[in-house]
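Chemist: Got my_file_28.cif for you, mmCIF, C-alpha atoms and all ligand atoms:
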data_entry
#
loop_
_atom_site.label_atom_id
_atom_site.label_comp_id
_atom_site.auth_asym_id
_atom_site.auth_seq_id
_atom_site.Cartn_x
_atom_site.Cartn_y
_atom_site.Cartn_z
CA MET W 5 -9.37 -62.37 -46.41
CA LYS W 6 -9.87 -58.67 -47.20
CA LYS W 7 -6.81 -57.90 -45.21
CA TRP W 8 -4.68 -59.41 -47.91
CA PHE W 9 -6.21 -57.44 -50.66
CA GLY W 10 -3.94 -54.49 -50.29
CA ILE W 11 -0.74 -56.43 -50.66
CA LEU W 12 1.44 -54.97 -53.34
CA VAL W 13 -1.48 -53.09 -54.79
CA ILE W 14 0.57 -50.04 -55.57
CA GLY W 15 3.06 -51.98 -57.59
CA THR W 16 0.45 -53.83 -59.56
CA ALA W 17 -1.63 -50.77 -60.14
CA LEU W 18 1.33 -49.10 -61.74
CA LEU W 19 1.96 -52.19 -63.73
CA PHE W 20 -1.51 -52.30 -65.23
CA MET W 21 -1.39 -48.67 -66.08
CA LEU W 22 1.51 -49.51 -68.33
CA ALA W 23 -0.04 -52.51 -69.91
CA SER W 24 -1.93 -52.29 -73.16
CA ILE W 25 -5.41 -53.46 -72.51
CA ASN W 26 -8.00 -55.16 -74.64
CA THR W 27 -11.35 -56.06 -73.23
CA GLU W 28 -14.25 -57.74 -74.87
CA ASN W 29 -17.53 -59.22 -73.87
CA ASN W 30 -17.69 -62.93 -74.04
CA LYS W 31 -21.26 -63.49 -73.00
CA GLU W 32 -24.20 -61.24 -73.04
CA ALA W 33 -27.78 -62.33 -72.69
CA THR W 34 -30.31 -60.76 -75.05
CA VAL W 35 -34.06 -60.98 -74.90
CA ASP W 36 -36.34 -60.53 -77.89
CA VAL W 37 -39.57 -58.74 -77.19
CA THR W 38 -42.07 -59.38 -79.95
CA GLU W 39 -45.20 -58.02 -78.36
CA LYS W 40 -45.53 -55.08 -76.03
CA ILE W 41 -48.48 -54.73 -73.75
CA LYS W 42 -48.79 -52.29 -70.89
CA GLU W 43 -46.85 -53.97 -68.16
CA PRO W 44 -47.41 -53.38 -64.47
CA SER W 45 -44.66 -51.25 -62.98
CA TYR W 46 -42.85 -52.44 -59.92
CA GLU W 47 -40.58 -50.61 -57.53
CA TYR W 48 -38.49 -52.87 -55.30
CA GLY W 49 -41.03 -55.63 -55.84
CA ILE W 50 -43.94 -53.36 -54.89
CA LEU W 51 -46.71 -52.93 -57.46
CA ALA W 52 -46.49 -49.16 -57.85
CA ASP W 53 -49.13 -48.42 -60.52
CA SER W 54 -51.70 -46.98 -58.18
CA PHE W 55 -49.22 -44.98 -56.11
CA ASP W 56 -47.23 -41.80 -56.40
CA VAL W 57 -43.54 -42.71 -56.52
CA LYS W 58 -41.12 -40.03 -55.29
CA LYS W 59 -37.38 -40.51 -55.57
CA GLY W 60 -34.79 -38.52 -53.69
CA ILE W 61 -31.22 -38.34 -52.45
CA VAL W 62 -30.48 -37.91 -48.74
CA LYS W 63 -29.27 -34.35 -48.18
CA SER W 64 -26.63 -33.25 -45.72
CA GLY W 65 -28.00 -33.31 -42.19
CA GLN W 66 -31.31 -34.84 -43.28
CA THR W 67 -32.82 -37.55 -41.09
CA MET W 68 -35.20 -40.30 -42.06
CA GLY W 69 -37.73 -38.79 -39.66
CA GLU W 70 -37.72 -35.51 -41.60
CA ILE W 71 -38.30 -37.29 -44.89
CA LEU W 72 -41.18 -39.30 -43.45
CA TYR W 73 -42.70 -36.27 -41.73
CA ALA W 74 -42.64 -34.38 -45.03
CA ASN W 75 -44.63 -37.29 -46.44
CA HIS W 76 -47.32 -37.08 -43.79
CA ILE W 77 -46.13 -39.63 -41.28
CA ASP W 78 -46.55 -38.14 -37.82
CA HIS W 79 -44.17 -38.35 -34.91
CA PRO W 80 -45.71 -41.18 -32.86
CA GLU W 81 -45.63 -43.31 -36.02
CA ILE W 82 -42.03 -42.35 -36.75
CA ASN W 83 -41.15 -43.47 -33.25
CA THR W 84 -42.75 -46.85 -33.86
CA ILE W 85 -40.83 -47.17 -37.13
CA VAL W 86 -37.52 -46.40 -35.43
CA ASN W 87 -38.19 -48.99 -32.72
CA LYS W 88 -39.47 -51.65 -35.08
CA SER W 89 -36.49 -51.36 -37.43
CA LYS W 90 -33.81 -51.53 -34.72
CA GLU W 91 -33.05 -55.21 -35.23
CA ILE W 92 -32.69 -54.88 -38.99
CA PHE W 93 -31.51 -51.35 -39.65
CA ASP W 94 -30.43 -48.40 -37.55
CA VAL W 95 -32.30 -45.46 -39.10
CA ARG W 96 -29.64 -43.06 -37.78
CA SER W 97 -27.17 -44.67 -40.17
CA ILE W 98 -28.76 -43.22 -43.31
CA ASN W 99 -26.07 -41.40 -45.24
CA VAL W 100 -25.95 -38.22 -47.26
CA GLY W 101 -25.91 -38.92 -51.00
CA LYS W 102 -27.80 -42.23 -50.80
CA SER W 103 -30.99 -42.82 -52.80
CA TYR W 104 -34.39 -43.28 -51.28
CA THR W 105 -37.90 -43.76 -52.62
CA VAL W 106 -41.17 -42.78 -50.99
CA ILE W 107 -44.29 -44.49 -52.29
CA CYS W 108 -47.38 -42.42 -51.42
CA THR W 109 -51.12 -42.59 -51.91
CA THR W 110 -52.47 -40.53 -54.82
CA ASP W 111 -55.41 -39.14 -52.82
CA SER W 112 -55.36 -35.80 -51.00
CA SER W 113 -53.65 -37.25 -47.91
CA GLU W 114 -50.53 -38.09 -50.01
CA LYS W 115 -49.47 -40.32 -47.18
CA ALA W 116 -46.34 -42.44 -47.47
CA GLN W 117 -47.13 -46.15 -47.75
CA TYR W 118 -43.58 -47.38 -48.21
CA PHE W 119 -40.16 -45.92 -47.61
CA VAL W 120 -37.21 -47.58 -49.34
CA TYR W 121 -33.62 -46.74 -48.50
CA GLU W 122 -30.76 -47.94 -50.70
CA ILE W 123 -27.83 -49.07 -48.56
CA ASP W 124 -25.61 -49.63 -51.61
CA ALA W 125 -25.94 -50.46 -55.29
CA THR W 126 -27.66 -53.79 -54.61
CA ASN W 127 -29.02 -53.80 -51.04
CA TYR W 128 -32.01 -51.86 -49.77
CA ILE W 129 -34.36 -51.67 -46.79
CA ILE W 130 -38.13 -51.52 -47.20
CA PHE W 131 -40.29 -49.89 -44.53
CA ASP W 132 -43.86 -51.02 -45.18
CA LEU W 133 -45.90 -48.33 -43.40
CA ARG W 134 -49.39 -49.44 -44.39
CA ASN W 135 -50.90 -51.23 -41.39
CA GLU W 136 -48.63 -52.96 -38.96
CA ILE W 137 -45.27 -51.44 -39.71
CA GLU W 138 -42.93 -53.99 -41.29
CA VAL W 139 -39.25 -53.59 -42.05
CA TYR W 140 -37.31 -55.95 -44.27
CA LYS W 141 -34.25 -56.17 -46.45
CA GLY W 142 -34.19 -56.56 -50.21
CA LYS W 143 -31.61 -57.15 -52.88
CA LYS W 144 -31.70 -56.06 -56.52
CA PRO W 145 -30.86 -58.75 -59.07
CA VAL W 146 -27.26 -58.51 -60.24
CA THR W 147 -26.47 -59.29 -63.87
CA ILE W 148 -23.05 -60.75 -64.48
CA LYS W 149 -21.19 -60.28 -67.72
CA LEU W 150 -18.04 -62.28 -68.23
CA LYS W 151 -15.08 -60.47 -69.68
CA THR W 152 -11.52 -61.13 -70.64
CA ALA W 153 -8.68 -58.65 -70.56
CA SER W 154 -5.02 -59.00 -71.40
CA GLY W 155 -1.95 -56.84 -71.53
CA THR W 156 1.80 -56.68 -71.93
CA ILE W 157 4.10 -54.61 -69.78
CA LYS W 158 5.87 -52.10 -72.03
CA SER W 159 8.04 -49.95 -69.81
CA SER W 160 9.10 -49.45 -66.21
CA LEU W 161 6.71 -49.75 -63.30
CA TRP W 162 7.17 -46.36 -61.82
CA LEU W 163 4.67 -44.05 -63.44
CA THR W 164 1.40 -42.51 -62.35
CA MET W 165 -1.86 -44.45 -62.22
CA GLU W 166 -3.93 -41.84 -64.03
CA GLU W 167 -4.20 -43.51 -67.41
CA GLN W 168 -5.09 -46.88 -65.93
CA LYS W 169 -7.82 -48.48 -67.99
CA LEU W 170 -8.79 -51.42 -65.81
CA SER W 171 -10.71 -51.17 -62.57
CA PRO W 172 -8.33 -50.66 -59.65
CA LYS W 173 -10.31 -53.37 -57.91
CA LEU W 174 -9.36 -55.88 -60.61
CA THR W 175 -5.75 -54.91 -60.14
CA ALA W 176 -6.08 -55.35 -56.39
CA GLU W 177 -7.74 -58.75 -56.78
CA LEU W 178 -5.06 -59.99 -59.15
CA SER W 179 -2.31 -58.82 -56.84
CA THR W 180 -4.02 -60.68 -54.01
CA ILE W 181 -4.24 -63.90 -56.01
CA TYR W 182 -0.53 -63.71 -56.82
CA ALA W 183 0.56 -62.18 -53.51
CA TRP W 184 2.37 -65.38 -52.56
CA THR W 185 3.83 -66.07 -55.98
CA ILE W 186 5.05 -62.90 -57.68
CA ASP W 187 6.89 -59.92 -56.26
CA PHE W 188 5.15 -57.16 -58.17
CA PHE W 189 8.01 -54.83 -57.47
CA LYS W 190 10.09 -56.96 -59.80
CA ILE W 191 7.69 -56.89 -62.72
CA GLN W 192 9.61 -56.16 -65.89
CA LYS W 193 9.17 -55.21 -69.55
CA GLY W 194 7.77 -58.16 -71.48
CA ASP W 195 5.77 -59.53 -68.55
CA GLY W 196 2.07 -59.84 -69.24
CA PHE W 197 -1.27 -61.15 -68.12
CA ARG W 198 -4.63 -62.48 -69.18
CA VAL W 199 -7.65 -62.39 -66.92
CA TYR W 200 -11.19 -63.76 -67.14
CA TYR W 201 -13.54 -62.07 -64.71
CA GLU W 202 -17.06 -60.95 -63.84
CA ASP W 203 -18.46 -57.46 -64.37
CA LYS W 204 -21.56 -56.72 -62.30
CA TYR W 205 -24.57 -54.69 -63.37
CA VAL W 206 -27.70 -53.60 -61.52
CA ASP W 207 -30.60 -52.04 -63.48
CA GLY W 208 -28.32 -51.95 -66.52
CA GLU W 209 -25.73 -49.90 -64.65
CA TYR W 210 -22.17 -51.06 -64.08
CA ILE W 211 -21.50 -51.44 -60.36
CA GLY W 212 -18.05 -52.98 -60.36
CA ILE W 213 -16.15 -56.19 -60.89
CA GLY W 214 -17.10 -59.48 -59.33
CA ARG W 215 -14.81 -62.43 -59.07
CA ILE W 216 -11.77 -63.26 -61.14
CA LEU W 217 -12.43 -66.78 -62.49
CA ALA W 218 -9.10 -67.45 -64.13
CA SER W 219 -5.88 -65.66 -64.88
CA GLU W 220 -2.44 -66.09 -66.28
CA PHE W 221 0.56 -64.01 -65.35
CA ILE W 222 3.71 -64.21 -67.43
CA HIS W 223 6.70 -63.16 -65.39
CA LYS W 224 10.32 -63.58 -66.50
CA GLY W 225 9.14 -65.97 -69.22
CA GLN W 226 7.30 -68.24 -66.79
CA ASN W 227 3.52 -68.73 -66.80
CA PHE W 228 1.63 -68.52 -63.54
CA TYR W 229 -1.98 -69.66 -63.74
CA SER W 230 -4.82 -69.27 -61.28
CA PHE W 231 -8.24 -70.92 -61.45
CA TYR W 232 -11.05 -70.28 -59.04
CA TYR W 233 -12.66 -73.39 -57.60
CA LYS W 234 -15.21 -73.91 -54.84
CA GLU W 235 -14.31 -76.91 -52.73
CA ASN W 236 -17.66 -76.64 -50.96
CA GLU W 237 -20.54 -74.21 -50.36
CA ASN W 238 -18.50 -72.00 -48.07
CA PHE W 239 -15.00 -72.25 -49.40
CA GLY W 240 -13.52 -71.30 -52.73
CA ASP W 241 -9.96 -70.46 -53.61
CA TYR W 242 -7.39 -70.21 -56.39
CA TYR W 243 -5.30 -73.12 -57.59
CA ASP W 244 -2.74 -73.59 -60.32
CA GLU W 245 -2.93 -75.91 -63.34
CA GLN W 246 -1.96 -78.88 -61.20
CA GLY W 247 -4.44 -78.15 -58.44
CA LYS W 248 -1.85 -76.74 -56.07
CA THR W 249 -2.89 -73.76 -53.96
CA LEU W 250 -1.46 -70.37 -54.81
CA ARG W 251 -1.25 -69.60 -51.13
CA LYS W 252 1.91 -70.00 -49.17
CA ALA W 253 2.24 -70.47 -45.49
CA PHE W 254 3.79 -66.96 -45.48
CA LEU W 255 2.70 -63.68 -47.04
CA MET W 256 5.38 -62.03 -49.18
CA ALA W 257 5.19 -58.81 -47.18
CA PRO W 258 3.92 -57.83 -43.71
CA VAL W 259 2.42 -54.55 -44.90
CA GLU W 260 0.99 -52.71 -47.89
CA TYR W 261 4.23 -50.94 -48.62
CA LYS W 262 5.44 -48.12 -50.86
CA ARG W 263 8.88 -49.52 -51.49
CA ILE W 264 11.51 -51.79 -50.03
CA SER W 265 13.96 -49.30 -48.58
CA SER W 266 16.57 -51.84 -47.54
CA ARG W 267 16.97 -55.53 -48.24
CA PHE W 268 18.54 -58.31 -46.23
CA ASN W 269 22.27 -57.70 -46.46
CA ARG W 270 25.03 -59.27 -44.43
CA ASN W 271 27.25 -56.20 -44.86
CA ARG W 272 25.57 -52.79 -44.56
CA LYS W 273 26.43 -49.39 -43.08
CA HIS W 274 23.71 -48.55 -40.57
CA PRO W 275 21.77 -45.42 -41.67
CA VAL W 276 21.58 -44.08 -38.10
CA THR W 277 24.73 -45.26 -36.31
CA GLY W 278 26.98 -45.24 -39.38
CA ARG W 279 28.53 -48.48 -38.20
CA TRP W 280 29.16 -51.36 -40.56
CA LYS W 281 26.94 -54.16 -39.47
CA GLY W 282 24.75 -56.60 -41.37
CA HIS W 283 21.10 -55.76 -41.96
CA PHE W 284 19.29 -58.95 -41.10
CA GLY W 285 15.86 -57.77 -42.14
CA THR W 286 13.86 -56.34 -45.01
CA ASP W 287 12.70 -52.73 -44.57
CA TYR W 288 9.27 -51.96 -45.99
CA ALA W 289 8.67 -48.20 -46.17
CA ALA W 290 5.03 -47.27 -45.60
CA GLU W 291 3.03 -44.43 -44.16
CA LYS W 292 2.86 -44.08 -40.38
CA GLY W 293 -0.18 -45.91 -39.07
CA THR W 294 -0.42 -48.47 -41.91
CA PRO W 295 -1.52 -51.84 -40.44
CA ILE W 296 1.15 -54.53 -40.08
CA TRP W 297 0.07 -58.15 -40.60
CA ALA W 298 1.38 -61.38 -39.20
CA THR W 299 2.75 -63.08 -42.32
CA ALA W 300 1.70 -66.54 -41.11
CA ASN W 301 -0.30 -68.23 -38.35
CA GLY W 302 1.55 -68.36 -35.07
CA THR W 303 1.86 -67.44 -31.40
CA ILE W 304 3.13 -64.08 -30.15
CA ILE W 305 6.30 -64.66 -28.14
CA LYS W 306 7.21 -60.99 -27.64
CA ALA W 307 5.33 -57.70 -27.79
CA ALA W 308 7.53 -55.08 -26.19
CA TYR W 309 9.69 -51.95 -26.51
CA THR W 310 13.47 -51.74 -26.67
CA LYS W 311 15.76 -48.80 -27.45
CA ASN W 312 16.81 -50.15 -30.86
CA ASN W 313 13.74 -52.09 -31.96
CA GLY W 314 11.20 -49.56 -30.74
CA ASN W 315 7.79 -51.18 -30.35
CA TYR W 316 8.08 -54.65 -31.81
CA VAL W 317 6.36 -58.01 -32.04
CA LYS W 318 7.84 -61.45 -32.49
CA VAL W 319 5.79 -64.41 -33.71
CA ARG W 320 6.70 -68.08 -33.50
CA HIS W 321 5.03 -69.96 -36.36
CA ASN W 322 6.24 -73.49 -35.71
CA GLY W 323 9.39 -75.37 -34.80
CA SER W 324 11.25 -73.89 -37.77
CA TYR W 325 9.98 -70.38 -38.43
CA THR W 326 9.87 -67.17 -36.41
CA THR W 327 9.22 -63.61 -37.65
CA GLN W 328 9.70 -60.19 -36.07
CA TYR W 329 8.29 -56.75 -36.89
CA LEU W 330 10.11 -53.63 -35.67
CA HIS W 331 9.65 -49.85 -35.20
CA MET W 332 5.86 -49.90 -34.78
CA SER W 333 4.18 -46.64 -33.85
CA LYS W 334 1.86 -48.80 -31.77
CA ILE W 335 1.39 -52.48 -31.01
CA LYS W 336 -2.23 -53.42 -31.58
CA PRO W 337 -4.16 -53.61 -28.28
CA GLY W 338 -4.61 -57.24 -27.28
CA ILE W 339 -1.42 -58.38 -29.02
CA ARG W 340 0.73 -59.77 -26.20
CA LYS W 341 2.78 -62.81 -25.33
CA GLY W 342 0.83 -66.06 -25.74
CA VAL W 343 -1.84 -64.72 -28.12
CA TYR W 344 -2.43 -66.81 -31.27
CA VAL W 345 -2.66 -64.89 -34.54
CA LYS W 346 -3.66 -65.94 -38.03
CA GLN W 347 -1.99 -65.02 -41.29
CA GLY W 348 -3.10 -61.50 -42.22
CA ASP W 349 -4.18 -60.50 -38.70
CA ILE W 350 -3.17 -56.97 -37.73
CA ILE W 351 -0.55 -56.97 -34.98
CA GLY W 352 0.53 -53.31 -35.00
CA TYR W 353 0.97 -50.12 -37.00
CA VAL W 354 3.87 -48.68 -38.98
CA GLY W 355 6.03 -46.13 -37.20
CA SER W 356 9.63 -45.11 -36.60
CA THR W 357 10.16 -45.92 -32.91
CA GLY W 358 13.61 -47.14 -31.90
CA LEU W 359 16.57 -46.78 -34.24
CA ALA W 360 14.84 -45.73 -37.48
CA THR W 361 15.16 -42.83 -39.89
CA GLY W 362 11.58 -42.88 -41.20
CA PRO W 363 8.34 -44.87 -40.91
CA HIS W 364 8.93 -48.47 -42.00
CA VAL W 365 8.64 -52.07 -40.86
CA CYS W 366 11.88 -53.93 -40.40
CA TYR W 367 10.76 -57.50 -41.03
CA ARG W 368 13.02 -60.25 -39.71
CA PHE W 369 12.79 -63.91 -40.49
CA TRP W 370 14.31 -66.87 -38.72
CA LYS W 371 14.60 -70.40 -40.01
CA ASP W 372 15.81 -73.01 -37.53
CA GLY W 373 17.21 -70.29 -35.27
CA LYS W 374 19.16 -68.49 -38.02
CA GLN W 375 18.21 -65.11 -39.51
CA VAL W 376 17.66 -65.53 -43.24
CA ASP W 377 16.35 -63.58 -46.22
CA PRO W 378 12.72 -64.71 -46.76
CA PHE W 379 13.01 -63.80 -50.45
CA LYS W 380 15.64 -66.49 -50.83
CA GLN W 381 13.68 -69.20 -49.04
CA LYS W 382 11.57 -71.88 -50.59
CA LEU W 383 8.60 -71.39 -48.30
CA PRO W 384 6.11 -74.12 -47.48
CA ALA W 385 2.86 -74.17 -49.48
CA GLY W 386 -0.73 -74.26 -48.27
CA ASP W 387 -3.08 -77.21 -48.87
CA PRO W 388 -3.77 -78.40 -52.46
CA ILE W 389 -7.21 -79.33 -53.85
CA LYS W 390 -8.72 -82.15 -51.82
CA LYS W 391 -8.29 -85.56 -53.39
CA LYS W 392 -12.02 -86.18 -53.76
CA ASN W 393 -12.41 -82.86 -55.67
CA ARG W 394 -9.41 -83.27 -57.89
CA GLU W 395 -11.14 -84.74 -60.92
CA ALA W 396 -13.93 -82.15 -60.85
CA TYR W 397 -11.36 -79.40 -60.48
CA MET W 398 -9.43 -80.56 -63.53
CA LEU W 399 -12.59 -80.35 -65.67
CA VAL W 400 -13.33 -76.82 -64.47
CA LYS W 401 -9.72 -75.84 -64.98
CA ASP W 402 -9.67 -77.19 -68.56
CA SER W 403 -12.74 -75.18 -69.57
CA LEU W 404 -11.42 -72.02 -67.92
CA MET W 405 -8.06 -72.50 -69.60
CA THR W 406 -9.80 -72.74 -73.01
CA ILE W 407 -11.66 -69.48 -72.41
CA LEU W 408 -8.54 -67.75 -71.10
CA MET W 409 -6.47 -68.73 -74.14
CA ASN W 410 -9.05 -67.59 -76.73
ZN ZN R 1 15.63 -53.01 -40.98
#
What do you get writing this file as structure tokens?
Modeler:
Amino acid sequence: MKKWFGILVIGTALLFMLASINTENNKEATVDVTEKIKEPSYEYGILADSFDVKKGIVKSGQTMGEILYANHIDHPEINTIVNKSKEIFDVRSINVGKSYTVICTTDSSEKAQYFVYEIDATNYIIFDLRNEIEVYKGKKPVTIKLKTASGTIKSSLWLTMEEQKLSPKLTAELSTIYAWTIDFFKIQKGDGFRVYYEDKYVDGEYIGIGRILASEFIHKGQNFYSFYYKENENFGDYYDEQGKTLRKAFLMAPVEYKRISSRFNRNRKHPVTGRWKGHFGTDYAAEKGTPIWATANGTIIKAAYTKNNGNYVKVRHNGSYTTQYLHMSKIKPGIRKGVYVKQGDIIGYVGSTGLATGPHVCYRFWKDGKQVDPFKQKLPAGDPIKKKNREAYMLVKDSLMTILMN
């Protein structure tokens, strides 16, 4: 799923930079404290009142062993800790700049009783060093605040990202949701969006955005809605106002690209040979080494090198559709004839092998044996909301729509 996130990010990021943005909190929980008594203090769920709590940041080159040794844990014990934690956490993977906490006795031995290492903003590992050494994972509670943001595109797309006011992650998520629907390189003045999403906080500190719950994109006067809905415990996705999936059987691009350097054109002068010959592909310019994705599920029917194509891969998706990806610097190891790939799987890396002037993917698309322009095709859709969930979905959608429009 993450593989899709990058699609058209650059375009959208530029777009949001240009949009005027209003954000506001919709929900915020408040607690009234009427009486204050001395409350016990906890650190990572450990009652810390009777201990000495020392906080630190891992320094360059510092090992966990050094930190523990400085807190009066001797080497045989450190060895036991390393061995006991193997299954849960590799102590060699502690990183410079990460926070840790040592909880020590207050007596003259000042011996560490607990060591806590923060893996990221929410996840941590506790080493309980008291008797039998125990190692376990913990998670800080995340507070979610729901927010709405909206904007209108005021000028062209092509400007720097510096003034961007929304999280780049939000931009990336939105572009992923609409990756199958909107070509963000064609966003124009007057287009706009509304989005209803989660902001995440830990210990009162903002740690980033969560999920987008609903959004509207207005493009060329048309409204494109997305509503998040969980069909079951393990699967949630975005659907439109009628419960149709926003996914298509094909991604709109095989790569996170910088620009389309040449479109499908039946009459073009070849940039290398100078001969007039049609260009039966779409060229996506991207940096050398950028991963190339299969745009739909299918079976590899060719993974080879030719003088003109360079390293290339051809995928047969079904009886009607076939796609091909040219000029790769490298075909991904394991990608060979007969291998089945899923939409978004990496099949190779951008390059300029064969007849190419610079690093790009020449993406070719066949329908019923004829090369066509995928941008002009009405491509098949993914599965809609399941029938049994349809009614429930419509209720969720209605309430999200109300929030989005207010
Ligand atoms: Zn091409």
Chemist: As a quick test: using all atoms listed in the file, which residues lie no more than 9 Å away from ligand ZN 1 (chain R)? Give them as number ranges by chain.
Modeler: W: 265-268, 283-288, 330-331, 360, 364-368
Chemist: Grab the CA of Glu245 (chain W) to CA of Ser230 (chain W) distance for me, in Å with one decimal place.
Modeler: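 Rounded to one decimal, the two atoms are 7.2 Å apart.
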Chemist: Could you state the separation of CA of Thr67 (chain W) and CA of Asp207 (chain W) in Å, given to one decimal place?
Modeler: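 So the answer is 26.8 Å.
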Chemist: So, with all atoms listed in the file as the atoms that count, which of W:Asn315, W:Ser113, W:Thr277, W:Ser356 lies closest to Ala290 (chain W)?
Modeler: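 Residue with the minimum atom-to-atom distance to Ala290 (chain W): W:Ser356.
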Chemist: Just want the 9 Å neighbourhood of Gly352 (chain W), counted on only C-alpha atoms, with same-chain residues fewer than 3 positions away dropped. Output as a PyMOL selection string.
Modeler: chain W and resi 293-297+315-317+329+332-337+339
Chemist: Pick the closest to Val199 (chain W) from W:Glu136, W:Asp187, W:Glu220, W:Glu395: which is it, counting all atoms listed in the file?
Modeler: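 Checking each candidate against Val199 (chain W), we get W:Glu220 as the closest.
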Chemist: Report the distance between CA of Thr299 (chain W) and CA of Pro258 (chain W) in Å, rounded to one decimal place.
Modeler: 5.6 Å
Chemist: Sorted by chain and rising residue number, which residues of region 63-94 of chain W lie within 10 Å of region 140-154 of chain W, and what are their closest atom pairs and distances in Å to one decimal, counting only C-alpha atoms, as CSV?
Modeler:
residue,atom,partner,partner_atom,distance
W:Ser89,CA,W:Tyr140,CA,8.3
W:Ile92,CA,W:Tyr140,CA,7.1
W:Phe93,CA,W:Tyr140,CA,8.7
Chemist: Check the smallest atom-to-atom distance from each of W:Phe379, W:Phe369, W:Phe228, W:Tyr104 to Tyr128 (chain W) using only C-alpha atoms, then report the winner.
Modeler: W:Tyr104
Chemist: Can you pull out the residues contacting Ala298 (chain W)? Cut-off 10 Å, using only C-alpha atoms, and skip same-chain residues under 3 positions away; I want them as a PDB file with C-alpha atoms, in the coordinates of the input.
Modeler:
ATOM      1  CA  PHE W 254       3.790 -66.960 -45.480  1.00  0.00           C
ATOM      2  CA  LEU W 255       2.700 -63.680 -47.040  1.00  0.00           C
ATOM      3  CA  ALA W 257       5.190 -58.810 -47.180  1.00  0.00           C
ATOM      4  CA  PRO W 258       3.920 -57.830 -43.710  1.00  0.00           C
ATOM      5  CA  VAL W 259       2.420 -54.550 -44.900  1.00  0.00           C
ATOM      6  CA  ASN W 301      -0.300 -68.230 -38.350  1.00  0.00           C
ATOM      7  CA  GLY W 302       1.550 -68.360 -35.070  1.00  0.00           C
ATOM      8  CA  THR W 303       1.860 -67.440 -31.400  1.00  0.00           C
ATOM      9  CA  ILE W 304       3.130 -64.080 -30.150  1.00  0.00           C
ATOM     10  CA  VAL W 317       6.360 -58.010 -32.040  1.00  0.00           C
ATOM     11  CA  LYS W 318       7.840 -61.450 -32.490  1.00  0.00           C
ATOM     12  CA  VAL W 319       5.790 -64.410 -33.710  1.00  0.00           C
ATOM     13  CA  HIS W 321       5.030 -69.960 -36.360  1.00  0.00           C
ATOM     14  CA  THR W 327       9.220 -63.610 -37.650  1.00  0.00           C
ATOM     15  CA  GLN W 328       9.700 -60.190 -36.070  1.00  0.00           C
ATOM     16  CA  TYR W 329       8.290 -56.750 -36.890  1.00  0.00           C
ATOM     17  CA  VAL W 345      -2.660 -64.890 -34.540  1.00  0.00           C
ATOM     18  CA  LYS W 346      -3.660 -65.940 -38.030  1.00  0.00           C
ATOM     19  CA  GLN W 347      -1.990 -65.020 -41.290  1.00  0.00           C
ATOM     20  CA  GLY W 348      -3.100 -61.500 -42.220  1.00  0.00           C
ATOM     21  CA  ASP W 349      -4.180 -60.500 -38.700  1.00  0.00           C
ATOM     22  CA  ILE W 350      -3.170 -56.970 -37.730  1.00  0.00           C
ATOM     23  CA  ILE W 351      -0.550 -56.970 -34.980  1.00  0.00           C
ATOM     24  CA  GLY W 352       0.530 -53.310 -35.000  1.00  0.00           C
TER      25      GLY W 352
END
Chemist: Would you mind listing what lies within 6 Å of Gly358 (chain W) as a short mmCIF file (atom, residue, chain, number, x, y, z; two decimals) with C-alpha atoms, in the coordinates of the input, with only C-alpha atoms counted and same-chain residues fewer than 3 positions away left out?
Modeler:
data_model
loop_
_atom_site.label_atom_id
_atom_site.label_comp_id
_atom_site.auth_asym_id
_atom_site.auth_seq_id
_atom_site.Cartn_x
_atom_site.Cartn_y
_atom_site.Cartn_z
CA LYS W 311 15.76 -48.80 -27.45
CA ASN W 312 16.81 -50.15 -30.86
CA ASN W 313 13.74 -52.09 -31.96
CA GLY W 314 11.20 -49.56 -30.74
CA HIS W 331 9.65 -49.85 -35.20
#
Chemist: Would you be able to write out as a short mmCIF file (atom, residue, chain, number, x, y, z; two decimals) with C-alpha atoms, keeping the file's coordinate frame which residues have an atom within 6 Å of (3.7, -64.7, -25.1) in the file's coordinates, counting all atoms listed in the file?
Modeler:
data_model
loop_
_atom_site.label_atom_id
_atom_site.label_comp_id
_atom_site.auth_asym_id
_atom_site.auth_seq_id
_atom_site.Cartn_x
_atom_site.Cartn_y
_atom_site.Cartn_z
CA ILE W 304 3.13 -64.08 -30.15
CA ILE W 305 6.30 -64.66 -28.14
CA LYS W 306 7.21 -60.99 -27.64
CA ARG W 340 0.73 -59.77 -26.20
CA LYS W 341 2.78 -62.81 -25.33
CA GLY W 342 0.83 -66.06 -25.74
#
Chemist: List as a list in words the protein and nucleic acid residues near Gln117 (chain W), meaning an atom at most 7 Å away when all atoms listed in the file are counted, but skip any in the same chain fewer than 6 places from it.
Modeler: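 Here the qualifying residues turn out to be Ile107, Cys108, Thr109, Asp132, Leu133 and Arg134 of chain W.
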Chemist: Using only the atoms of region 393-401 of chain W listed in the file, plus 6 Å on each side, state the axis-aligned box centre and edge lengths in Å rounded to one decimal, as JSON.
Modeler:
{"center_x": -11.7, "center_y": -80.3, "center_z": -60.7, "size_x": 16.5, "size_y": 20.9, "size_z": 22.0}
Chemist: Restricting the calculation to all atoms listed in the file, which member of W:Ile50, W:Ile389, W:Ala74, W:Ile61 is positioned closest to Asn236 (chain W)?
Modeler: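 Checking each of W:Ile50, W:Ile389, W:Ala74, W:Ile61 against Asn236 (chain W), counting all atoms listed in the file, the winner is W:Ile389.
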Chemist: Do you know which residues are at most 6 Å from region 370-376 of chain W counting all atoms listed in the file, after dropping those on the same chain fewer than 4 positions away, and could you put them as a list in words?
Modeler: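 Skipping anything fewer than 4 positions along the chain leaves Ser324, Tyr325 and Thr326 of chain W.
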